[in-house]
Amino acid sequence: MGGCSLVKRRRIHQIITSGKADVFLIQETKLRSCSEATAKSFWCEEGIEFSVTDSEGMSGGLIILWKASKVNVIGSFRGDGFLGIIVESKEFESKECPLYICNVYSPCGLSSKRVLWKNLLDVKERFNDGEWLIGGDFNSVKNGGERRGRSALGNQEEWEEFAGFISDVGLEDVPCKGKIFSWISSDGRAKSRIDHFLVSSNLVNWYGVVGQHIGDRDISDHCPIWLVVDKMDWGPKPFKFNNEWFNHKEFIGFVEKEWKDMFVQGRGDFVLKEKLRLLKIKLRW
């Protein structure tokens with residue numbers, strides 16, 4: 001997103017405030033050295049704390065910001081491409097286990113992505129006494145339905161490996177609410193969902209996580225994303241179906257082929273929900 005410009009930092013502050021966040025993750029700050037004043041200028045409120053990794057030249061850089069009144073950070077961890085904090089929030093203390101929040105900025109090459117995925121699996125295995133939330137720019141999609149335009153053609157092997165990583169790490173890529181693409185090219189012709197929140201199933205249930213909300217493209221080619229929390233159980237969302245589709249001679253064959261070709265891993269209910277969502281996208285094309 002970039003944080004060198006004061007104008008950009010002020011705009012990021014407006015985005016954070018509008019989303020009513022308690023914790024905010026920023027990737028690709030492009031700050032080779034981030035002072036306390038610079039880090040806190042992203043939020044511009046009292047009681048803000050942060051953890052940061054500097055960029056290498058004009059590439060990379062990660063910041064995690066949080067409200068000290070809402071979350072109690074008891075530790076941190078970091079590695080190439082990721083930065084994490086260990087949280088004991090006031091809400092979470094009753095669960096008697098820490099919450100690990102990890103901010104990710106992935107490299108572009110597949111070999112480097114494999115190293116990042118392995119390191120994330122290793123650190124999660126090392127800190128296995130709590131719940132996990134990993135968010136950020138993974139620079140990868142799980143399947144062709146998460147790309148459109150010039151970027152629609154991609155590496156099937158990478159898609160499958162990334163989906164396999166999500167399964168191996170044991171977290172849920174909770175579905176999007178509304179928009180499905182988080183990255184949009186400058187000309188708007190290419191779109192991808194390369195930014196993800198991966199959340200443990202216990203967090204989904206305890207906090208009532210119902211999805212990821214992708215905001216409008218603003219100062220970056222990446223859209224801001226919020227985890228949507230709703231304690232109210234409204235039941236399953238309907239899958240709308242038009243009976244006229246059965247009149248098309250290729251409809252059943254199309255659905256069967258698309259269903260078999262989808263590669264989704266996870267809990268049974270999550271796989272079904274994700275496949276129905278992807279099928280809806282295919283039917284719109």
# chains A, B, ... in the order shown; residues from 1 in each chain; ligands from 1

$ select_by_dssp --residues "region 2-153 of chain A" --states "helix (DSSP H, G or I)" --output "number ranges by chain"
A: 6-19, 36-40, 93-95, 110-126, 144-146, 149-152

$ residues_around --residues "Ser186 (chain A)" --least-positions-apart "5" --cutoff "10 Å" --atoms "only C-alpha atoms" --output "ChimeraX atom specification"
/A:191,217,220-221

$ residues_around --residues "region 15-20 of chain A" --least-positions-apart "6" --cutoff "8 Å" --atoms "only C-alpha atoms" --output "ChimeraX atom specification"
/A:43,224,226

$ closest_atom_pairs --of "region 106-176 of chain A" --to "region 60-77 of chain A" --cutoff "12 Å" --atoms "only C-alpha atoms" --output "Markdown table"
| residue | atom | partner | partner_atom | distance |
| --- | --- | --- | --- | --- |
| A:Ser106 | CA | A:Gly60 | CA | 9.0 |
| A:Pro107 | CA | A:Gly60 | CA | 9.0 |
| A:Cys108 | CA | A:Gly60 | CA | 11.7 |
| A:Asn119 | CA | A:Phe77 | CA | 11.9 |
| A:Leu120 | CA | A:Phe77 | CA | 11.1 |
| A:Val123 | CA | A:Phe77 | CA | 8.8 |
| A:Lys124 | CA | A:Phe77 | CA | 10.8 |
| A:Arg126 | CA | A:Phe77 | CA | 11.1 |
| A:Phe127 | CA | A:Phe77 | CA | 10.1 |
| A:Ile134 | CA | A:Ile64 | CA | 11.9 |
| A:Gly135 | CA | A:Ile64 | CA | 10.8 |
| A:Gly136 | CA | A:Leu62 | CA | 9.7 |
| A:Asp137 | CA | A:Leu62 | CA | 10.7 |

$ select_by_dssp --residues "region 55-245 of chain A" --states "strand (DSSP E)" --output "ChimeraX atom specification"
/A:62-67,73-79,82-87,99-105,131-137,147-148,172-173,176-177,183-184,191-192,195-199,209-214,225-229

$ residues_around --residues "region 161-177 of chain A" --least-positions-apart "6" --cutoff "8 Å" --atoms "only C-alpha atoms" --output "MDAnalysis selection string"
chainID A and resid 117 121 124 132:133 140:142 196:201 210:214 263:266 270 274

$ write_last_selection --atoms "N, CA and C atoms" --output "PDB file, in the first residue's frame"
ATOM      1  N   TRP A 117       5.235 -20.438   2.743  1.00  0.00           N
ATOM      2  CA  TRP A 117       4.195 -21.347   3.233  1.00  0.00           C
ATOM      3  C   TRP A 117       4.762 -22.317   4.259  1.00  0.00           C
ATOM      4  N   LEU A 121       3.774 -22.645   8.241  1.00  0.00           N
ATOM      5  CA  LEU A 121       3.365 -23.916   8.842  1.00  0.00           C
ATOM      6  C   LEU A 121       4.236 -24.249  10.056  1.00  0.00           C
ATOM      7  N   LYS A 124       3.376 -21.909  13.018  1.00  0.00           N
ATOM      8  CA  LYS A 124       2.083 -22.275  13.613  1.00  0.00           C
ATOM      9  C   LYS A 124       2.216 -23.558  14.429  1.00  0.00           C
ATOM     10  N   TRP A 132      -5.491 -19.030  15.744  1.00  0.00           N
ATOM     11  CA  TRP A 132      -4.704 -18.316  14.750  1.00  0.00           C
ATOM     12  C   TRP A 132      -5.575 -17.522  13.779  1.00  0.00           C
ATOM     13  N   LEU A 133      -5.029 -16.382  13.366  1.00  0.00           N
ATOM     14  CA  LEU A 133      -5.580 -15.569  12.286  1.00  0.00           C
ATOM     15  C   LEU A 133      -4.404 -15.081  11.452  1.00  0.00           C
ATOM     16  N   SER A 140      -1.457 -15.116  -4.256  1.00  0.00           N
ATOM     17  CA  SER A 140      -1.868 -16.405  -4.822  1.00  0.00           C
ATOM     18  C   SER A 140      -3.380 -16.526  -4.751  1.00  0.00           C
ATOM     19  N   VAL A 141      -3.930 -17.329  -5.654  1.00  0.00           N
ATOM     20  CA  VAL A 141      -5.346 -17.664  -5.620  1.00  0.00           C
ATOM     21  C   VAL A 141      -5.488 -19.174  -5.495  1.00  0.00           C
ATOM     22  N   LYS A 142      -6.667 -19.612  -5.068  1.00  0.00           N
ATOM     23  CA  LYS A 142      -6.905 -21.041  -4.888  1.00  0.00           C
ATOM     24  C   LYS A 142      -7.386 -21.723  -6.160  1.00  0.00           C
ATOM     25  N   HIS A 196      -6.113 -12.516   1.558  1.00  0.00           N
ATOM     26  CA  HIS A 196      -6.974 -13.452   2.284  1.00  0.00           C
ATOM     27  C   HIS A 196      -6.831 -13.267   3.788  1.00  0.00           C
ATOM     28  N   PHE A 197      -7.918 -13.542   4.510  1.00  0.00           N
ATOM     29  CA  PHE A 197      -7.885 -13.770   5.947  1.00  0.00           C
ATOM     30  C   PHE A 197      -8.119 -15.258   6.162  1.00  0.00           C
ATOM     31  N   LEU A 198      -7.170 -15.921   6.797  1.00  0.00           N
ATOM     32  CA  LEU A 198      -7.306 -17.325   7.159  1.00  0.00           C
ATOM     33  C   LEU A 198      -7.525 -17.394   8.663  1.00  0.00           C
ATOM     34  N   VAL A 199      -8.625 -18.020   9.083  1.00  0.00           N
ATOM     35  CA  VAL A 199      -9.072 -17.936  10.473  1.00  0.00           C
ATOM     36  C   VAL A 199      -9.350 -19.329  11.020  1.00  0.00           C
ATOM     37  N   SER A 200      -8.973 -19.570  12.270  1.00  0.00           N
ATOM     38  CA  SER A 200      -9.266 -20.865  12.889  1.00  0.00           C
ATOM     39  C   SER A 200     -10.767 -21.021  13.084  1.00  0.00           C
ATOM     40  N   SER A 201     -11.237 -22.240  13.002  1.00  0.00           N
ATOM     41  CA  SER A 201     -12.679 -22.501  13.106  1.00  0.00           C
ATOM     42  C   SER A 201     -13.224 -22.091  14.470  1.00  0.00           C
ATOM     43  N   VAL A 210     -18.539 -13.969   9.962  1.00  0.00           N
ATOM     44  CA  VAL A 210     -19.453 -14.362   8.884  1.00  0.00           C
ATOM     45  C   VAL A 210     -18.866 -14.116   7.495  1.00  0.00           C
ATOM     46  N   GLY A 211     -17.712 -13.489   7.410  1.00  0.00           N
ATOM     47  CA  GLY A 211     -17.136 -13.286   6.084  1.00  0.00           C
ATOM     48  C   GLY A 211     -16.068 -12.212   6.061  1.00  0.00           C
ATOM     49  N   GLN A 212     -15.548 -11.994   4.864  1.00  0.00           N
ATOM     50  CA  GLN A 212     -14.589 -10.935   4.614  1.00  0.00           C
ATOM     51  C   GLN A 212     -15.261  -9.882   3.734  1.00  0.00           C
ATOM     52  N   HIS A 213     -15.195  -8.637   4.170  1.00  0.00           N
ATOM     53  CA  HIS A 213     -15.769  -7.545   3.380  1.00  0.00           C
ATOM     54  C   HIS A 213     -14.649  -6.833   2.645  1.00  0.00           C
ATOM     55  N   ILE A 214     -14.713  -6.817   1.314  1.00  0.00           N
ATOM     56  CA  ILE A 214     -13.720  -6.151   0.484  1.00  0.00           C
ATOM     57  C   ILE A 214     -14.231  -4.759   0.134  1.00  0.00           C
ATOM     58  N   PHE A 263     -11.297 -27.460  -6.868  1.00  0.00           N
ATOM     59  CA  PHE A 263     -10.378 -28.013  -5.863  1.00  0.00           C
ATOM     60  C   PHE A 263     -10.528 -27.190  -4.588  1.00  0.00           C
ATOM     61  N   VAL A 264     -11.271 -27.703  -3.634  1.00  0.00           N
ATOM     62  CA  VAL A 264     -11.509 -27.003  -2.367  1.00  0.00           C
ATOM     63  C   VAL A 264     -11.288 -28.004  -1.237  1.00  0.00           C
ATOM     64  N   GLN A 265     -10.521 -27.581  -0.230  1.00  0.00           N
ATOM     65  CA  GLN A 265     -10.255 -28.458   0.908  1.00  0.00           C
ATOM     66  C   GLN A 265     -10.668 -27.771   2.201  1.00  0.00           C
ATOM     67  N   GLY A 266     -10.964 -28.579   3.213  1.00  0.00           N
ATOM     68  CA  GLY A 266     -11.359 -28.031   4.506  1.00  0.00           C
ATOM     69  C   GLY A 266     -12.460 -28.878   5.108  1.00  0.00           C
ATOM     70  N   PHE A 270     -17.627 -26.237   5.001  1.00  0.00           N
ATOM     71  CA  PHE A 270     -16.925 -25.160   4.316  1.00  0.00           C
ATOM     72  C   PHE A 270     -16.736 -25.494   2.836  1.00  0.00           C
ATOM     73  N   GLU A 274     -18.177 -23.232  -0.162  1.00  0.00           N
ATOM     74  CA  GLU A 274     -17.239 -22.619  -1.114  1.00  0.00           C
ATOM     75  C   GLU A 274     -17.536 -23.069  -2.537  1.00  0.00           C
TER      76      GLU A 274
END

$ residues_around --residues "Cys223 (chain A)" --least-positions-apart "3" --cutoff "9 Å" --atoms "only C-alpha atoms" --output "ChimeraX atom specification"
/A:181-184,195,214-220

$ closest_residue --among "A:Cys102, A:Ile281, A:Gly81, A:Leu227" --to "Asp22 (chain A)" --atoms "only C-alpha atoms"
A:Leu227

$ closest_residue --among "A:Thr29, A:Thr38, A:Gly144, A:Ser112" --to "Glu56 (chain A)" --atoms "only C-alpha atoms"
A:Thr29

$ closest_residue --among "A:His222, A:Leu276, A:Glu146, A:Asn155" --to "Val255 (chain A)" --atoms "only C-alpha atoms"
A:Leu276

$ closest_residue --among "A:Tyr100, A:Phe138, A:Tyr207, A:Phe50" --to "Ser35 (chain A)" --atoms "only C-alpha atoms"
A:Phe50

$ closest_residue --among "A:Ile85, A:Cys97, A:Val52, A:Val104" --to "Gln27 (chain A)" --atoms "only C-alpha atoms"
A:Val104
